[in-house]
>>> print(open('data01.cif').read())   # mmCIF, C-alpha atoms
data_input
loop_
_atom_site.label_atom_id
_atom_site.label_comp_id
_atom_site.auth_asym_id
_atom_site.auth_seq_id
_atom_site.Cartn_x
_atom_site.Cartn_y
_atom_site.Cartn_z
CA ALA A 363 0.00 0.00 0.00
CA PRO A 364 1.27 3.51 -0.78
CA ARG A 365 2.52 5.24 2.37
CA ARG A 366 3.76 8.55 0.97
CA VAL A 367 1.73 10.31 -1.73
CA LEU A 368 2.48 13.53 -3.62
CA VAL A 369 -0.20 15.57 -5.39
CA LEU A 370 0.96 18.22 -7.87
CA GLY A 371 -1.79 20.76 -8.59
CA GLY A 372 -5.18 19.68 -7.30
CA GLY A 373 -5.58 22.58 -4.88
CA ASP A 374 -9.33 21.88 -4.67
CA GLY A 375 -8.59 18.89 -2.42
CA MET A 376 -10.68 16.47 -4.49
CA ALA A 377 -7.76 14.16 -5.35
CA VAL A 378 -6.61 14.31 -1.71
CA ARG A 379 -10.13 13.29 -0.62
CA GLU A 380 -9.90 10.13 -2.73
CA ILE A 381 -6.33 9.33 -1.67
CA LEU A 382 -7.29 9.49 2.01
CA ARG A 383 -9.85 6.70 1.43
CA HIS A 384 -6.90 4.29 1.39
CA PRO A 385 -6.05 3.36 4.99
CA GLY A 386 -2.40 2.59 4.21
CA VAL A 387 -1.65 6.23 3.30
CA GLU A 388 0.43 7.85 6.04
CA GLN A 389 1.39 11.18 4.52
CA VAL A 390 0.14 13.32 1.61
CA THR A 391 2.03 16.33 0.28
CA LEU A 392 0.02 18.76 -1.85
CA VAL A 393 2.01 21.18 -4.03
CA GLU A 394 -0.34 23.91 -5.31
CA LEU A 395 0.94 27.12 -6.91
CA ASP A 396 -1.94 29.35 -5.79
CA PRO A 397 -2.31 29.87 -2.01
CA HIS A 398 -5.77 31.41 -2.55
CA MET A 399 -6.92 28.11 -4.03
CA THR A 400 -5.93 26.01 -1.03
CA ARG A 401 -7.21 28.68 1.39
CA LEU A 402 -10.64 28.78 -0.26
CA PHE A 403 -11.02 25.01 -0.40
CA ALA A 404 -9.91 24.68 3.22
CA SER A 405 -12.27 27.33 4.63
CA VAL A 406 -15.44 27.93 2.56
CA PRO A 407 -18.17 25.54 3.83
CA LEU A 408 -19.63 24.93 0.36
CA LEU A 409 -16.20 23.86 -0.89
CA THR A 410 -15.10 21.86 2.16
CA ALA A 411 -18.35 19.91 1.80
CA LEU A 412 -17.22 18.91 -1.70
CA ASN A 413 -13.72 17.79 -0.70
CA GLY A 414 -14.79 16.23 2.60
CA GLN A 415 -12.55 18.65 4.53
CA SER A 416 -9.57 16.79 3.10
CA LEU A 417 -7.32 19.86 3.31
CA ALA A 418 -7.71 19.80 7.11
CA SER A 419 -6.42 16.22 7.39
CA PRO A 420 -3.53 15.75 9.86
CA LYS A 421 -1.94 13.50 7.23
CA LEU A 422 -1.68 16.42 4.76
CA ARG A 423 1.14 18.88 4.20
CA ILE A 424 0.33 21.82 1.89
CA VAL A 425 3.16 23.50 -0.03
CA ASN A 426 2.30 26.62 -2.06
CA ALA A 427 5.03 26.57 -4.69
CA ASP A 428 5.70 26.07 -8.39
CA ALA A 429 5.87 22.29 -8.88
CA TYR A 430 8.59 22.50 -11.54
CA THR A 431 10.91 24.42 -9.19
CA TRP A 432 9.91 22.52 -6.05
CA LEU A 433 10.84 19.15 -7.54
CA GLU A 434 14.33 20.53 -8.20
CA GLY A 435 14.81 21.32 -4.50
CA GLY A 436 16.41 18.99 -2.01
CA ASP A 437 13.53 18.60 0.46
CA ALA A 438 11.05 16.88 -1.85
CA GLY A 439 12.02 13.28 -1.03
CA HIS A 440 10.60 10.12 -2.60
CA PHE A 441 6.98 9.07 -2.96
CA ASP A 442 5.17 5.79 -3.53
CA VAL A 443 2.48 7.52 -5.62
CA ILE A 444 2.58 10.86 -7.44
CA VAL A 445 -0.71 12.33 -8.75
CA VAL A 446 -0.17 15.00 -11.42
CA ASP A 447 -3.33 17.10 -11.64
CA PHE A 448 -2.35 20.11 -13.78
CA PRO A 449 -4.56 22.08 -16.19
CA ASP A 450 -4.32 21.14 -19.87
CA PRO A 451 -1.23 22.37 -21.79
CA SER A 452 -2.92 25.40 -23.32
CA ASN A 453 0.14 27.68 -23.01
CA PHE A 454 3.92 27.39 -22.63
CA ALA A 455 3.90 28.05 -18.87
CA ILE A 456 1.71 24.99 -18.32
CA GLY A 457 3.21 23.11 -21.26
CA LYS A 458 6.60 22.93 -19.49
CA LEU A 459 4.88 20.66 -16.93
CA TYR A 460 4.31 18.13 -19.74
CA THR A 461 7.91 17.99 -21.04
CA THR A 462 10.68 15.38 -20.83
CA SER A 463 12.49 17.81 -18.49
CA PHE A 464 9.60 17.77 -16.03
CA TYR A 465 9.05 14.01 -16.21
CA GLN A 466 12.76 13.43 -15.52
CA ARG A 467 12.36 15.42 -12.30
CA LEU A 468 9.21 13.48 -11.49
CA ASP A 469 11.03 10.18 -11.99
CA GLN A 470 13.78 11.24 -9.56
CA HIS A 471 11.20 11.57 -6.76
CA LEU A 472 9.33 8.35 -7.51
CA ALA A 473 10.15 5.41 -5.24
CA ALA A 474 11.66 2.42 -7.07
CA GLY A 475 8.36 0.53 -7.07
CA GLY A 476 6.20 3.64 -7.23
CA TYR A 477 3.64 4.91 -9.69
CA ALA A 478 2.74 8.32 -11.06
CA VAL A 479 -0.55 9.18 -12.74
CA VAL A 480 -0.95 12.14 -15.08
CA GLN A 481 -4.11 14.01 -16.11
CA THR A 482 -3.77 13.95 -19.90
CA THR A 483 -6.70 15.78 -21.62
CA SER A 484 -9.26 14.01 -23.85
CA PRO A 485 -8.00 11.19 -26.11
CA LEU A 486 -11.21 11.62 -28.13
CA ILE A 487 -11.07 15.37 -28.79
CA ALA A 488 -7.30 15.83 -28.54
CA ARG A 489 -6.05 12.45 -29.66
CA ARG A 490 -2.63 13.62 -30.90
CA SER A 491 -2.06 15.61 -27.69
CA PHE A 492 -2.90 12.60 -25.52
CA TRP A 493 -0.48 10.28 -27.27
CA THR A 494 2.21 12.99 -27.26
CA VAL A 495 2.15 12.85 -23.44
CA VAL A 496 2.43 9.05 -23.54
CA ALA A 497 5.47 9.34 -25.86
CA THR A 498 7.01 12.00 -23.59
CA LEU A 499 6.79 9.76 -20.51
CA GLU A 500 8.28 6.86 -22.48
CA ALA A 501 11.12 9.08 -23.72
CA VAL A 502 12.47 9.42 -20.15
CA GLY A 503 12.45 5.64 -19.66
CA LEU A 504 9.14 5.23 -17.84
CA THR A 505 6.60 2.54 -18.67
CA ALA A 506 3.40 4.32 -19.71
CA THR A 507 0.01 2.67 -19.17
CA PRO A 508 -2.69 4.91 -20.69
CA TYR A 509 -6.36 4.71 -19.72
CA HIS A 510 -9.56 6.69 -20.19
CA ALA A 511 -12.84 7.24 -18.38
CA HIS A 512 -16.08 9.11 -19.01
CA VAL A 513 -16.17 12.05 -16.62
CA PRO A 514 -19.71 13.58 -16.50
CA SER A 515 -18.51 17.20 -16.42
CA PHE A 516 -15.74 16.70 -19.03
CA GLY A 517 -16.77 13.84 -21.31
CA GLU A 518 -14.27 11.19 -22.43
CA TRP A 519 -11.06 11.93 -20.55
CA GLY A 520 -7.57 10.48 -20.51
CA PHE A 521 -4.91 9.64 -17.95
CA VAL A 522 -1.55 7.87 -17.98
CA LEU A 523 0.05 5.68 -15.32
CA ALA A 524 3.85 5.91 -15.33
CA SER A 525 6.27 3.64 -13.52
CA ARG A 526 9.55 1.74 -13.68
CA ARG A 527 7.72 -1.59 -13.58
CA PRO A 528 4.61 -2.83 -15.42
CA TRP A 529 1.29 -1.89 -13.86
CA ARG A 530 -0.70 -4.72 -12.33
CA ARG A 531 -4.45 -4.61 -11.82
CA PRO A 532 -5.37 -4.46 -8.11
CA THR A 533 -7.20 -7.34 -6.49
CA ALA A 534 -9.18 -5.10 -4.11
CA LEU A 535 -10.54 -1.55 -4.01
CA PRO A 536 -11.43 0.68 -1.04
CA PRO A 537 -15.13 0.71 -0.05
CA GLY A 538 -17.54 3.47 -1.01
CA LEU A 539 -16.38 4.14 -4.58
CA ARG A 540 -19.11 5.42 -6.90
CA PHE A 541 -17.61 4.54 -10.29
CA LEU A 542 -14.67 2.16 -10.21
CA THR A 543 -15.15 -1.61 -9.94
CA LEU A 544 -12.72 -4.48 -10.46
CA ASP A 545 -14.94 -5.93 -13.21
CA GLY A 546 -15.12 -2.60 -15.05
CA MET A 547 -11.43 -1.82 -14.84
CA PRO A 548 -10.15 -3.65 -17.99
CA ALA A 549 -12.37 -1.49 -20.23
CA LEU A 550 -10.57 1.65 -19.05
CA PHE A 551 -7.34 0.43 -20.65
CA GLN A 552 -8.88 -0.48 -24.01
CA PHE A 553 -8.87 2.25 -26.67
CA PRO A 554 -11.37 2.03 -29.54
CA PRO A 555 -10.22 2.99 -33.06
CA ASP A 556 -11.18 6.68 -32.72
CA MET A 557 -8.88 7.00 -29.69
CA ALA A 558 -6.22 4.44 -30.66
CA ARG A 559 -2.54 5.30 -30.47
CA ILE A 560 -0.96 7.62 -33.00
CA GLU A 561 2.84 7.83 -33.10
CA MET A 562 3.82 11.31 -31.90
CA PRO A 563 7.16 12.89 -30.95
CA PRO A 564 7.86 13.61 -27.27
CA ASN A 565 7.23 17.12 -25.95
CA ARG A 566 10.52 18.83 -25.11
CA LEU A 567 11.20 22.10 -23.33
CA SER A 568 13.17 23.32 -26.37
CA ASP A 569 10.16 23.25 -28.72
CA GLN A 570 6.97 22.42 -26.72
CA SER A 571 5.22 20.90 -29.73
CA LEU A 572 2.40 19.77 -27.45
CA VAL A 573 1.12 23.32 -26.89
CA HIS A 574 0.69 23.82 -30.67
CA THR A 575 -0.92 20.39 -31.10
CA PHE A 576 -3.30 20.98 -28.19
CA GLU A 577 -4.28 24.45 -29.49
CA ALA A 578 -4.98 23.05 -32.96
CA GLU A 579 -7.11 20.14 -31.72
CA TRP A 580 -9.24 22.05 -29.24
CA GLY A 581 -9.46 24.99 -31.67
CA GLU A 582 -11.12 22.73 -34.24
CA LEU A 583 -13.81 21.88 -31.69
CA GLN A 584 -14.62 25.56 -31.09
CA ARG A 585 -15.09 26.45 -34.75
#
>>> encode(input="data01.cif", output="C-alpha cells")
Amino acid sequence: APRRVLVLGGGDGMAVREILRHPGVEQVTLVELDPHMTRLFASVPLLTALNGQSLASPKLRIVNADAYTWLEGGDAGHFDVIVVDFPDPSNFAIGKLYTTSFYQRLDQHLAAGGYAVVQTTSPLIARRSFWTVVATLEAVGLTATPYHAHVPSFGEWGFVLASRRPWRRPTALPPGLRFLTLDGMPALFQFPPDMARIEMPPNRLSDQSLVHTFEAEWGELQR
C-alpha cells in the first residue's frame, strides 16, 4: 500500500479526498501554486463539503510553490504515488509541466516501485495531444500505461500511469467508490479505433510541440 503520496496541482482537495480513502496512506504532500486556491477550499463551507474537509487532514502537508521548481529542491524526497493534476497544456507556462524535463524530475522523486498518474486531456477530442504525453513519458524511460474514463462534467477523458515496472491490476478496491469496480477496470485500458494510439514525438522544453498540437485540436472543436 502507498505510504507517501504527492499531489501536484489539485488545490481543490478532491484528489486528496480520494487518496485518504486508502487506509495505508500515512502522509500526503500537496504542491499547489496558488495559495488562494488552497485557502478557499480549506475554509469555505460549500467547498469543504465537496472535498470532505480533506485539506484539514492531519496527514496532509500543503506547499504553495511552483511544482517545476519545487521538484528541483532537495527537500522533496521520494513518494510511492505521485498524482499529477495540472490544467491542460494550453500555453507554454503549463506546457513545461508536460515535457521530458519535467518528467525526468518526477522520476527522480518516484520510489523504485512507485507509480505516477498524469491528467492527460481528452483522447477523443485531442487524440494527438494525448499520445504525445504518452510518448514523452516513455522518452524518459518510464513505462506508460494509458487509460480513459467518461467524466460527467468533461466527457471522455484520458490519464496515464507511469512507472519503472509494469502496472498490475489491483485485487481489491477501497469501499464506497461510486464509479470504479474491479470488473469494469479492464475497459478503461482499451482504446477504440477513434482514440487508438498515434505515433507522436515527445514534448521537449526546447520546442513544446504539445502546446501547438493541443491548441490546434481544441481549436477545431470551437469552430
>>> closest_residue(input="data01.cif", among="A:Leu408, A:Val573, A:Ala438, A:Val446", to="Leu523 in chain A", atoms="only C-alpha atoms")
A:Val446
>>> closest_residue(input="data01.cif", among="A:Leu412, A:Leu368, A:Val522, A:Val479", to="Ala497 in chain A", atoms="only C-alpha atoms")
A:Val522
>>> atom_distance(input="data01.cif", atom1="CA of Thr505 in chain A", atom2="CA of Pro537 in chain A")
28.7 Å
>>> atom_distance(input="data01.cif", atom1="CA of Pro407 in chain A", atom2="CA of Arg366 in chain A")
27.9 Å
>>> resolve_selection(input="data01.cif", expression="the PyMOL selection byres ((chain A and resi 580) around 10)", output="ChimeraX atom specification")
/A:452,484,487-488,491,575-579,581-585
